[in-house]
file start.txt (compact mmCIF, C-alpha atoms and all ligand atoms)
# COMPACT_ATOMS: atom_id res chain seq x y z
CA MET A 27 -271.62 -53.57 -106.57
CA LYS A 28 -274.35 -50.94 -106.52
CA ILE A 29 -277.27 -52.05 -104.37
CA GLU A 30 -280.52 -50.90 -105.97
CA SER A 31 -283.77 -52.04 -104.38
CA ARG A 32 -285.96 -50.36 -107.04
CA ILE A 33 -288.62 -49.62 -104.47
CA PRO A 34 -291.02 -46.98 -105.87
CA GLY A 35 -291.22 -43.53 -104.28
CA GLY A 36 -294.05 -41.97 -102.28
CA PRO A 37 -295.48 -42.54 -98.81
CA LEU A 38 -294.93 -46.02 -97.41
CA PRO A 39 -298.53 -47.37 -97.51
CA GLY A 40 -298.98 -46.40 -101.16
CA LYS A 41 -295.59 -47.13 -102.73
CA TRP A 42 -296.35 -50.45 -104.40
CA GLN A 43 -300.05 -49.90 -104.99
CA ASP A 44 -299.32 -46.59 -106.79
CA HIS A 45 -296.61 -48.24 -108.82
CA ARG A 46 -299.00 -51.02 -109.79
CA ASN A 47 -301.69 -48.54 -110.76
CA HIS A 48 -299.31 -46.87 -113.21
CA LEU A 49 -297.68 -49.92 -114.78
CA LYS A 50 -298.25 -50.49 -118.47
CA LEU A 51 -300.56 -53.42 -119.11
CA VAL A 52 -299.59 -56.20 -121.50
CA ASN A 53 -302.18 -56.75 -124.17
CA PRO A 54 -303.92 -60.08 -123.42
CA ASN A 55 -303.30 -61.22 -127.00
CA ASN A 56 -299.58 -60.59 -126.63
CA LYS A 57 -299.14 -62.46 -123.36
CA ARG A 58 -298.80 -65.84 -125.06
CA ARG A 59 -295.76 -64.52 -126.94
CA PHE A 60 -293.78 -64.29 -123.72
CA THR A 61 -292.12 -67.27 -122.06
CA VAL A 62 -291.34 -67.24 -118.35
CA LEU A 63 -289.00 -69.81 -116.82
CA VAL A 64 -289.93 -70.62 -113.23
CA VAL A 65 -287.31 -72.61 -111.34
CA GLY A 66 -288.87 -74.26 -108.29
CA SER A 67 -292.32 -75.61 -107.63
CA GLY A 68 -292.72 -75.07 -103.90
CA LEU A 69 -295.25 -72.60 -102.53
CA ALA A 70 -293.46 -69.72 -104.27
CA GLY A 71 -292.75 -71.40 -107.62
CA ALA A 72 -296.00 -73.34 -108.02
CA SER A 73 -298.17 -70.33 -107.27
CA ALA A 74 -296.08 -68.01 -109.48
CA ALA A 75 -296.17 -70.49 -112.37
CA ALA A 76 -299.93 -71.14 -112.02
CA SER A 77 -300.74 -67.41 -111.75
CA LEU A 78 -298.58 -66.44 -114.75
CA ALA A 79 -300.08 -69.24 -116.85
CA GLU A 80 -303.59 -68.25 -115.88
CA LEU A 81 -302.78 -64.71 -117.01
CA GLY A 82 -301.90 -66.14 -120.42
CA TYR A 83 -298.08 -66.31 -120.42
CA ARG A 84 -296.26 -69.44 -121.57
CA VAL A 85 -294.50 -70.99 -118.60
CA LYS A 86 -291.84 -73.64 -118.14
CA CYS A 87 -291.50 -74.85 -114.56
CA PHE A 88 -288.55 -76.87 -113.22
CA CYS A 89 -287.89 -78.80 -110.03
CA PHE A 90 -285.39 -81.44 -109.00
CA GLN A 91 -287.92 -83.64 -107.18
CA ASP A 92 -289.94 -86.29 -109.01
CA THR A 93 -293.10 -84.21 -108.51
CA PRO A 94 -293.82 -80.60 -107.46
CA ARG A 95 -295.66 -82.05 -104.46
CA ARG A 96 -292.36 -82.94 -102.83
CA ALA A 97 -290.99 -79.40 -102.56
CA HIS A 98 -289.83 -78.65 -99.07
CA SER A 99 -292.71 -76.25 -98.44
CA ILE A 100 -294.49 -79.42 -97.40
CA ALA A 101 -292.62 -79.32 -94.09
CA ALA A 102 -294.01 -75.97 -92.91
CA GLN A 103 -296.12 -76.52 -89.86
CA GLY A 104 -297.17 -73.48 -87.95
CA GLY A 105 -299.41 -71.36 -90.16
CA ILE A 106 -299.76 -68.27 -92.32
CA ASN A 107 -300.31 -64.76 -90.98
CA ALA A 108 -302.98 -62.38 -92.26
CA ALA A 109 -304.22 -59.15 -90.71
CA LYS A 110 -307.89 -60.09 -91.00
CA ASN A 111 -308.65 -59.00 -87.42
CA TYR A 112 -311.30 -61.72 -87.09
CA HIS A 113 -310.90 -61.67 -83.30
CA ASN A 114 -311.28 -57.89 -83.10
CA ASP A 115 -308.12 -57.80 -81.00
CA GLY A 116 -306.77 -54.66 -82.62
CA ASP A 117 -304.93 -56.21 -85.56
CA SER A 118 -304.34 -54.21 -88.73
CA VAL A 119 -302.17 -54.14 -91.83
CA PHE A 120 -299.86 -51.68 -90.08
CA ARG A 121 -299.55 -53.88 -86.99
CA LEU A 122 -298.66 -56.94 -89.08
CA PHE A 123 -296.17 -54.79 -90.99
CA TYR A 124 -294.62 -53.55 -87.75
CA ASP A 125 -294.42 -57.01 -86.13
CA THR A 126 -292.82 -58.44 -89.28
CA VAL A 127 -290.20 -55.71 -89.51
CA LYS A 128 -289.44 -56.09 -85.82
CA GLY A 129 -289.33 -59.91 -86.10
CA GLY A 130 -286.73 -59.49 -88.84
CA ASP A 131 -284.48 -57.40 -86.57
CA PHE A 132 -285.35 -54.22 -88.54
CA ARG A 133 -283.32 -55.49 -91.50
CA SER A 134 -286.16 -55.95 -94.00
CA ARG A 135 -287.07 -53.47 -96.72
CA GLU A 136 -290.05 -51.72 -95.18
CA ALA A 137 -292.01 -50.99 -98.35
CA ASN A 138 -291.85 -54.65 -99.38
CA VAL A 139 -292.95 -55.82 -95.94
CA TYR A 140 -295.85 -53.36 -96.04
CA ARG A 141 -296.92 -54.86 -99.37
CA LEU A 142 -296.70 -58.34 -97.88
CA ALA A 143 -298.96 -57.27 -94.99
CA GLU A 144 -301.45 -55.75 -97.45
CA LEU A 145 -301.53 -58.85 -99.64
CA SER A 146 -301.93 -61.16 -96.64
CA LEU A 147 -305.65 -60.31 -96.63
CA ALA A 148 -306.20 -61.65 -100.13
CA ILE A 149 -303.98 -64.71 -99.81
CA ILE A 150 -306.20 -66.39 -97.22
CA ASP A 151 -309.27 -65.96 -99.42
CA GLN A 152 -307.37 -67.30 -102.41
CA CYS A 153 -306.18 -70.36 -100.49
CA VAL A 154 -309.67 -71.09 -99.17
CA ALA A 155 -311.03 -70.80 -102.71
CA GLN A 156 -308.37 -73.28 -103.82
CA GLY A 157 -309.65 -75.73 -101.23
CA VAL A 158 -307.00 -75.44 -98.50
CA PRO A 159 -308.70 -76.90 -95.38
CA PHE A 160 -307.75 -74.28 -92.79
CA ALA A 161 -308.83 -75.06 -89.22
CA ARG A 162 -312.29 -73.78 -88.31
CA GLU A 163 -314.10 -73.01 -85.10
CA TYR A 164 -317.18 -75.07 -84.20
CA GLY A 165 -319.40 -72.38 -85.72
CA GLY A 166 -317.67 -72.85 -89.08
CA LEU A 167 -315.60 -69.63 -89.15
CA LEU A 168 -311.88 -69.78 -89.83
CA ASP A 169 -309.88 -70.22 -86.64
CA ASN A 170 -306.81 -68.17 -85.70
CA ARG A 171 -304.07 -68.65 -83.19
CA SER A 172 -301.43 -66.36 -81.78
CA PHE A 173 -298.15 -67.58 -83.17
CA GLY A 174 -294.52 -66.89 -82.38
CA GLY A 175 -295.19 -64.41 -79.61
CA ALA A 176 -297.62 -62.09 -81.43
CA GLN A 177 -300.12 -60.37 -79.14
CA VAL A 178 -302.94 -60.80 -81.64
CA ALA A 179 -304.38 -64.03 -83.06
CA ARG A 180 -303.77 -63.78 -86.80
CA THR A 181 -302.29 -67.13 -87.81
CA PHE A 182 -304.40 -69.32 -90.10
CA TYR A 183 -303.41 -72.97 -89.83
CA ALA A 184 -304.29 -76.51 -90.82
CA ARG A 185 -303.32 -78.55 -87.75
CA GLY A 186 -299.57 -79.12 -87.96
CA GLN A 187 -299.64 -79.47 -91.74
CA THR A 188 -300.23 -75.95 -93.02
CA GLY A 189 -297.41 -76.15 -95.57
CA GLN A 190 -298.57 -79.49 -96.89
CA GLN A 191 -302.15 -78.32 -97.33
CA LEU A 192 -301.07 -75.03 -98.94
CA LEU A 193 -298.77 -76.90 -101.29
CA LEU A 194 -301.57 -79.25 -102.29
CA GLY A 195 -303.68 -76.18 -103.12
CA ALA A 196 -300.89 -74.60 -105.18
CA TYR A 197 -300.17 -77.95 -106.82
CA GLN A 198 -303.80 -78.31 -107.90
CA ALA A 199 -303.68 -74.88 -109.52
CA LEU A 200 -300.41 -75.87 -111.21
CA CYS A 201 -301.91 -79.17 -112.48
CA ARG A 202 -304.86 -77.33 -113.96
CA GLU A 203 -302.53 -75.15 -116.05
CA ILE A 204 -300.36 -78.13 -117.03
CA ALA A 205 -303.46 -79.93 -118.26
CA ALA A 206 -304.52 -76.82 -120.18
CA GLY A 207 -301.13 -76.85 -121.94
CA ARG A 208 -300.02 -73.47 -120.62
CA ILE A 209 -297.29 -74.88 -118.36
CA GLU A 210 -294.58 -77.28 -119.40
CA MET A 211 -293.58 -79.04 -116.18
CA ARG A 212 -290.03 -80.41 -115.97
CA PRO A 213 -289.57 -82.51 -112.82
CA ARG A 214 -286.26 -84.25 -112.06
CA THR A 215 -284.45 -81.34 -113.73
CA GLU A 216 -281.76 -79.39 -111.96
CA MET A 217 -280.79 -75.85 -112.85
CA LEU A 218 -277.03 -75.71 -113.28
CA ASP A 219 -276.49 -72.17 -114.49
CA LEU A 220 -278.19 -68.90 -115.27
CA VAL A 221 -277.86 -67.21 -118.67
CA VAL A 222 -277.58 -63.42 -118.47
CA ALA A 223 -277.85 -61.25 -121.58
CA GLY A 224 -277.81 -57.46 -121.53
CA GLY A 225 -277.97 -57.43 -117.73
CA ARG A 226 -281.17 -59.49 -117.65
CA ALA A 227 -281.73 -63.16 -116.83
CA ARG A 228 -282.75 -64.69 -120.16
CA GLY A 229 -282.33 -68.41 -119.73
CA ILE A 230 -281.04 -71.36 -117.75
CA VAL A 231 -278.90 -74.44 -118.26
CA THR A 232 -280.34 -77.62 -116.78
CA ARG A 233 -279.46 -81.27 -116.28
CA ASP A 234 -282.00 -84.06 -116.59
CA LEU A 235 -281.45 -86.03 -113.40
CA VAL A 236 -282.63 -89.29 -114.98
CA THR A 237 -280.67 -89.28 -118.24
CA GLY A 238 -277.93 -86.79 -117.30
CA ARG A 239 -278.64 -84.77 -120.46
CA LEU A 240 -277.69 -81.08 -120.41
CA GLU A 241 -280.21 -78.65 -121.92
CA ARG A 242 -280.59 -74.91 -122.33
CA HIS A 243 -283.88 -73.02 -122.05
CA ALA A 244 -284.50 -69.46 -123.19
CA GLY A 245 -287.18 -67.15 -121.85
CA HIS A 246 -288.14 -63.51 -121.54
CA ALA A 247 -287.84 -63.67 -117.78
CA VAL A 248 -286.54 -66.12 -115.18
CA VAL A 249 -288.13 -66.56 -111.76
CA LEU A 250 -285.89 -68.24 -109.19
CA ALA A 251 -288.17 -69.71 -106.53
CA THR A 252 -285.66 -72.24 -105.27
CA GLY A 253 -286.18 -71.98 -101.51
CA GLY A 254 -284.07 -70.65 -98.71
CA TYR A 255 -280.32 -70.90 -98.09
CA SER A 256 -281.06 -73.71 -95.61
CA ASN A 257 -278.22 -76.23 -95.75
CA VAL A 258 -275.65 -73.53 -96.35
CA TYR A 259 -275.94 -73.27 -92.57
CA TYR A 260 -274.72 -76.17 -90.46
CA LEU A 261 -278.10 -76.82 -88.88
CA SER A 262 -281.33 -76.65 -90.83
CA THR A 263 -284.79 -78.19 -90.64
CA ASN A 264 -284.83 -78.30 -94.46
CA ALA A 265 -284.24 -81.38 -96.58
CA LYS A 266 -280.66 -81.99 -97.69
CA GLY A 267 -281.68 -81.25 -101.29
CA SER A 268 -282.42 -77.64 -100.31
CA ASN A 269 -278.81 -76.73 -100.83
CA ALA A 270 -278.88 -73.24 -102.38
CA THR A 271 -277.04 -74.24 -105.58
CA ALA A 272 -279.42 -72.30 -107.84
CA ILE A 273 -279.17 -69.13 -105.75
CA TRP A 274 -275.40 -69.52 -105.68
CA ARG A 275 -275.28 -69.73 -109.49
CA ALA A 276 -277.34 -66.54 -109.73
CA HIS A 277 -274.92 -64.90 -107.30
CA ARG A 278 -271.98 -65.95 -109.46
CA ARG A 279 -273.75 -64.28 -112.38
CA GLY A 280 -274.05 -60.99 -110.53
CA ALA A 281 -277.10 -61.16 -108.26
CA GLY A 282 -276.73 -59.72 -104.77
CA MET A 283 -277.16 -62.07 -101.83
CA ALA A 284 -278.63 -61.19 -98.44
CA GLY A 285 -279.20 -63.38 -95.42
CA GLY A 286 -282.22 -61.94 -93.62
CA ALA A 287 -284.13 -65.22 -93.51
CA CYS A 288 -281.58 -66.96 -91.37
CA ARG A 289 -282.33 -64.85 -88.30
CA HIS A 290 -285.87 -66.14 -88.06
CA ARG A 291 -284.95 -69.75 -88.59
CA ARG A 292 -281.93 -69.85 -86.35
CA ARG A 293 -283.80 -68.61 -83.32
CA ALA A 294 -285.03 -72.09 -82.54
CA LEU A 295 -281.80 -73.76 -83.54
CA LEU A 296 -278.77 -71.80 -82.43
CA ARG A 297 -279.26 -72.10 -78.72
CA ILE A 298 -279.02 -75.86 -78.85
CA ARG A 299 -276.34 -75.92 -81.49
CA HIS A 300 -274.62 -79.13 -80.50
CA GLN A 301 -277.80 -81.16 -80.16
CA PRO A 302 -279.37 -81.22 -83.65
CA SER A 303 -281.98 -83.79 -82.67
CA GLN A 304 -283.54 -81.28 -80.32
CA ALA A 305 -284.04 -78.53 -82.91
CA LEU A 306 -287.49 -77.08 -82.34
CA PRO A 307 -289.80 -77.16 -85.40
CA LEU A 308 -291.87 -74.04 -85.91
CA GLY A 309 -295.18 -75.73 -85.06
CA PRO A 310 -294.36 -76.56 -81.45
CA ALA A 311 -292.28 -73.38 -81.20
CA GLY A 312 -295.28 -71.26 -82.08
CA ARG A 313 -297.61 -73.12 -79.81
CA GLY A 314 -295.72 -71.97 -76.75
CA GLY A 315 -292.01 -72.72 -76.72
CA GLY A 316 -291.02 -70.12 -79.25
CA ARG A 317 -290.90 -66.80 -77.52
CA GLY A 318 -287.50 -65.88 -76.18
CA GLN A 319 -287.21 -68.78 -73.79
CA PRO A 320 -283.76 -68.88 -72.24
CA ALA A 321 -281.85 -71.97 -73.27
CA GLU A 322 -281.32 -72.98 -69.64
CA ARG A 323 -285.03 -73.34 -69.03
CA GLN A 324 -285.59 -75.54 -72.05
CA HIS A 325 -282.48 -77.66 -71.61
CA PRO A 326 -281.13 -77.60 -68.05
CA PRO A 327 -277.46 -78.48 -67.80
CA ARG A 328 -276.87 -82.12 -66.95
CA THR A 329 -274.32 -83.57 -64.59
CA PRO A 330 -271.83 -85.86 -66.33
CA ARG A 331 -272.70 -89.41 -65.28
CA PRO A 332 -269.20 -90.82 -64.69
CA LEU A 333 -268.62 -88.18 -62.00
CA LEU A 334 -271.86 -89.19 -60.34
CA LEU A 335 -270.68 -92.76 -60.36
CA ALA A 336 -267.33 -91.76 -58.97
CA ALA A 337 -268.93 -89.85 -56.14
CA THR A 338 -271.19 -92.72 -55.06
CA THR A 339 -268.77 -95.64 -55.44
CA PRO A 340 -266.61 -96.49 -52.44
CA ARG A 341 -262.95 -96.34 -53.35
CA ARG A 342 -261.62 -99.73 -52.46
CA PRO A 343 -258.14 -100.77 -53.56
CA CYS A 344 -257.95 -103.30 -56.32
CA VAL A 345 -257.09 -106.73 -54.99
CA GLY A 346 -256.60 -108.50 -58.34
CA GLU A 347 -253.70 -108.44 -60.76
CA ARG A 348 -254.11 -106.17 -63.85
CA GLY A 349 -254.54 -107.90 -67.20
CA ALA A 350 -254.04 -106.59 -70.75
CA ALA A 351 -257.49 -104.95 -70.91
CA GLY A 352 -256.78 -102.95 -67.76
CA ARG A 353 -259.27 -104.93 -65.71
CA CYS A 354 -258.07 -107.17 -62.95
CA ALA A 355 -258.25 -110.89 -63.46
CA ILE A 356 -260.73 -111.70 -60.70
CA HIS A 357 -263.19 -108.84 -61.48
CA CYS A 358 -263.24 -107.50 -57.97
CA ALA A 359 -265.68 -104.72 -57.05
CA CYS A 360 -263.07 -101.94 -56.76
CA TYR A 361 -263.67 -98.59 -58.42
CA PRO A 362 -261.37 -98.97 -61.50
CA CYS A 363 -262.76 -102.42 -62.24
CA LEU A 364 -266.31 -101.24 -61.87
CA VAL A 365 -265.83 -98.33 -64.29
CA LEU A 366 -264.06 -100.48 -66.86
CA SER A 367 -266.73 -103.16 -66.81
CA MET A 368 -269.56 -100.70 -67.26
CA PRO A 369 -270.83 -99.79 -70.78
CA SER A 370 -271.34 -96.06 -71.27
CA ALA A 371 -275.08 -96.70 -71.88
CA HIS A 372 -275.23 -97.97 -68.31
CA TRP A 373 -273.90 -94.63 -67.02
CA SER A 374 -276.61 -92.63 -68.72
CA ARG A 375 -279.29 -94.73 -67.01
CA GLU A 376 -277.87 -93.96 -63.56
C1 LIG B 1 -289.95 -77.33 -90.63
C2 LIG B 1 -290.38 -76.03 -91.23
C3 LIG B 1 -291.46 -75.34 -90.70
C4 LIG B 1 -291.87 -74.13 -91.27
N1 LIG B 1 -292.96 -73.48 -90.74
C5 LIG B 1 -293.39 -72.33 -91.31
C6 LIG B 1 -294.56 -71.66 -90.82
O1 LIG B 1 -295.18 -72.11 -89.89
N2 LIG B 1 -294.97 -70.51 -91.43
C7 LIG B 1 -294.26 -69.98 -92.48
O2 LIG B 1 -294.68 -68.94 -93.01
N3 LIG B 1 -293.15 -70.58 -92.96
C8 LIG B 1 -292.71 -71.74 -92.40
N4 LIG B 1 -291.59 -72.35 -92.89
C9 LIG B 1 -290.87 -71.72 -93.98
C10 LIG B 1 -291.60 -71.96 -95.30
O3 LIG B 1 -292.07 -73.27 -95.36
C11 LIG B 1 -290.63 -71.77 -96.45
O4 LIG B 1 -290.02 -70.51 -96.36
C12 LIG B 1 -291.36 -71.84 -97.79
O5 LIG B 1 -292.17 -72.99 -97.85
C13 LIG B 1 -290.34 -71.87 -98.92
O6 LIG B 1 -291.05 -72.06 -100.12
P1 LIG B 1 -290.29 -72.00 -101.49
O7 LIG B 1 -291.29 -72.25 -102.58
O8 LIG B 1 -289.52 -70.72 -101.56
O9 LIG B 1 -289.18 -73.17 -101.41
P2 LIG B 1 -289.28 -74.77 -101.43
O10 LIG B 1 -290.60 -75.30 -101.02
O11 LIG B 1 -288.05 -75.28 -100.73
O12 LIG B 1 -289.14 -75.12 -102.97
C14 LIG B 1 -287.93 -74.98 -103.65
C15 LIG B 1 -288.16 -75.49 -105.04
O13 LIG B 1 -287.02 -75.17 -105.81
C16 LIG B 1 -286.58 -76.31 -106.50
N5 LIG B 1 -285.14 -76.19 -106.68
C17 LIG B 1 -284.20 -75.80 -105.77
N6 LIG B 1 -282.98 -75.79 -106.33
C18 LIG B 1 -283.16 -76.15 -107.64
C19 LIG B 1 -282.27 -76.33 -108.73
N7 LIG B 1 -280.95 -76.13 -108.65
N8 LIG B 1 -282.81 -76.73 -109.94
C20 LIG B 1 -284.14 -76.94 -110.06
N9 LIG B 1 -285.03 -76.78 -109.04
C21 LIG B 1 -284.53 -76.40 -107.85
C22 LIG B 1 -286.98 -77.49 -105.65
O14 LIG B 1 -287.10 -78.65 -106.45
C23 LIG B 1 -288.33 -77.02 -105.12
O15 LIG B 1 -289.34 -77.30 -106.06
C24 LIG B 1 -291.17 -73.58 -92.36
C25 LIG B 1 -290.10 -74.28 -92.91
C26 LIG B 1 -289.71 -75.49 -92.36
C27 LIG B 1 -288.55 -76.25 -92.98

call {"tool": "encode", "arguments": {"input": "start.txt", "output": "structure tokens", "more": "lines below"}}
Ligand SMILES: Cc1cc2nc3c(=O)[nH]c(=O)nc-3n(C[C@H](O)[C@H](O)[C@H](O)COP(=O)(O)OP(=O)(O)OC[C@H]3O[C@@H](n4cnc5c(N)ncnc54)[C@H](O)[C@@H]3O)c2cc1C
result
Amino acid sequence: MKIESRIPGGPLPGKWQDHRNHLKLVNPNNKRRFTVLVVGSGLAGASAAASLAELGYRVKCFCFQDTPRRAHSIAAQGGINAAKNYHNDGDSVFRLFYDTVKGGDFRSREANVYRLAELSLAIIDQCVAQGVPFAREYGGLLDNRSFGGAQVARTFYARGQTGQQLLLGAYQALCREIAAGRIEMRPRTEMLDLVVAGGRARGIVTRDLVTGRLERHAGHAVVLATGGYSNVYYLSTNAKGSNATAIWRAHRRGAGMAGGACRHRRRALLRIRHQPSQALPLGPAGRGGGRGQPAERQHPPRTPRPLLLAATTPRRPCVGERGAAGRCAIHCACYPCLVLSMPSAHWSRE
């Protein structure tokens, strides 16, 4: 397979902006002749669908939940980064770009990350305009916190519910377009396959999760905004429904697959691999526990309880006669009888 990123040429800071400046525009009257299929209605899908519809394209949006509001973006806690430099602590688009590339173990495509850092400035304003209630200082200005080890405070947040509030904002924009008739929303619909014609994604095959009916949908473009690989990995803080089936279908139809996102997510999880209940969500991780803490400090090794018991119990010989259960008939206080009569829950309280 030939890997082709299609990143435009030129100096890094101007690559995407230059490309955008030279793109051919679609005549506003022609936009309604194009149909875009958007699979997914989380933060990515809902905002893509709403933006495309507002531009004038016809959009069909699909999700497997009963409402777009239940996409797993709702679980995101920590916040959203933007190089606004409100604190005058030296932040800039370049610094956010550099931190993001470094945070991704230098595996990301630099031009795309630079574009992300540039666009971060506008995204906050857009979210505020949509009504997302970001945290504010007492004076009324938007508050920032330093998140995930960054040396500047650039994270905009809404308590521990940033994802939920952002999704409500995107959902409202989506609802507005649905009501205007520009988006056909298809909840409870699962994408089963991707249709490729002439090397381009031109349609999808879906199943109605209520009736079981199979359907095909054709479009001029397909946007797959179906979330991360999540449950492909053993441990994940995502819902079980986030199971990568749509991405896998696209891969089977020829799309390349990369795994950069897992590095970020696994940082909190891998170190405590055998104790899933102690996986650290990003909110608490960012508020202090997230930066390169050695596993030993967070979870000191524990002494196995039975050994503790063995060390403190006097070893008296058993005076009774052993029964079928291994315990002696008179329940004497010798060591083997004591261990056998003790539930394991008792040991952990010792
Ligand atoms: C606990 C937690 C905390 C996080 N904290 C942060 C944070 O602080 N800051 C940050 O930037 N990021 C954070 N993230 C990551 C961030 O939330 C996600 O990367 C982002 O929300 C993903 O959005 P999405 O729209 O791509 O996917 P999702 O919100 O998962 O949406 C996927 C959509 O695709 C649909 N879908 C999937 N498969 C199919 C299919 N086969 N057919 C039809 N529809 C399908 C689903 O129905 C859903 O609508 C966090 C994530 C988690 C889990």

call {"tool": "residues_around", "arguments": {"input": "start.txt", "residues": "Leu122 (chain A)", "least_positions_apart": "4", "cutoff": "8 Å", "atoms": "all atoms listed in the file", "output": "ChimeraX atom specification"}}
result
/A:108-109,117-118,126,143

call {"tool": "closest_residue", "arguments": {"input": "start.txt", "among": "A:Lys128, A:Arg96, A:Arg239, A:Lys86", "to": "ligand LIG 1 (chain B)", "atoms": "all atoms listed in the file"}}
result
A:Arg96

call {"tool": "atom_distance", "arguments": {"input": "start.txt", "atom1": "CA of Val85 (chain A)", "atom2": "CA of Glu216 (chain A)"}}
result
16.6 Å

call {"tool": "residues_near_ligand", "arguments": {"input": "start.txt", "ligand": "ligand LIG 1 (chain B)", "cutoff": "6 Å", "atoms": "all atoms listed in the file", "output": "ChimeraX atom specification"}}
result
/A:65-71,88-91,94,97-99,101-106,215-217,251-253,263-264,271-272,307-308

call {"tool": "closest_residue", "arguments": {"input": "start.txt", "among": "A:Lys110, A:Arg202, A:Arg133, A:Arg226", "to": "Thr181 (chain A)", "atoms": "only C-alpha atoms"}}
result
A:Lys110

call {"tool": "atom_distance", "arguments": {"input": "start.txt", "atom1": "CA of Ala244 (chain A)", "atom2": "CA of Leu220 (chain A)"}}
result
10.1 Å

call {"tool": "atom_distance", "arguments": {"input": "start.txt", "atom1": "CA of Gln187 (chain A)", "atom2": "CA of Ile100 (chain A)"}}
result
7.7 Å

call {"tool": "residues_near_point", "arguments": {"input": "start.txt", "point": "(-307.6, -59.0, -97.2)", "cutoff": "12 Å", "atoms": "all atoms listed in the file", "output": "ChimeraX atom specification"}}
result
/A:107-112,118-119,141-153

call {"tool": "closest_residue", "arguments": {"input": "start.txt", "among": "A:Thr93, A:Asp131, A:Gln43, A:Gly207", "to": "Glu80 (chain A)", "atoms": "all atoms listed in the file"}}
result
A:Gly207
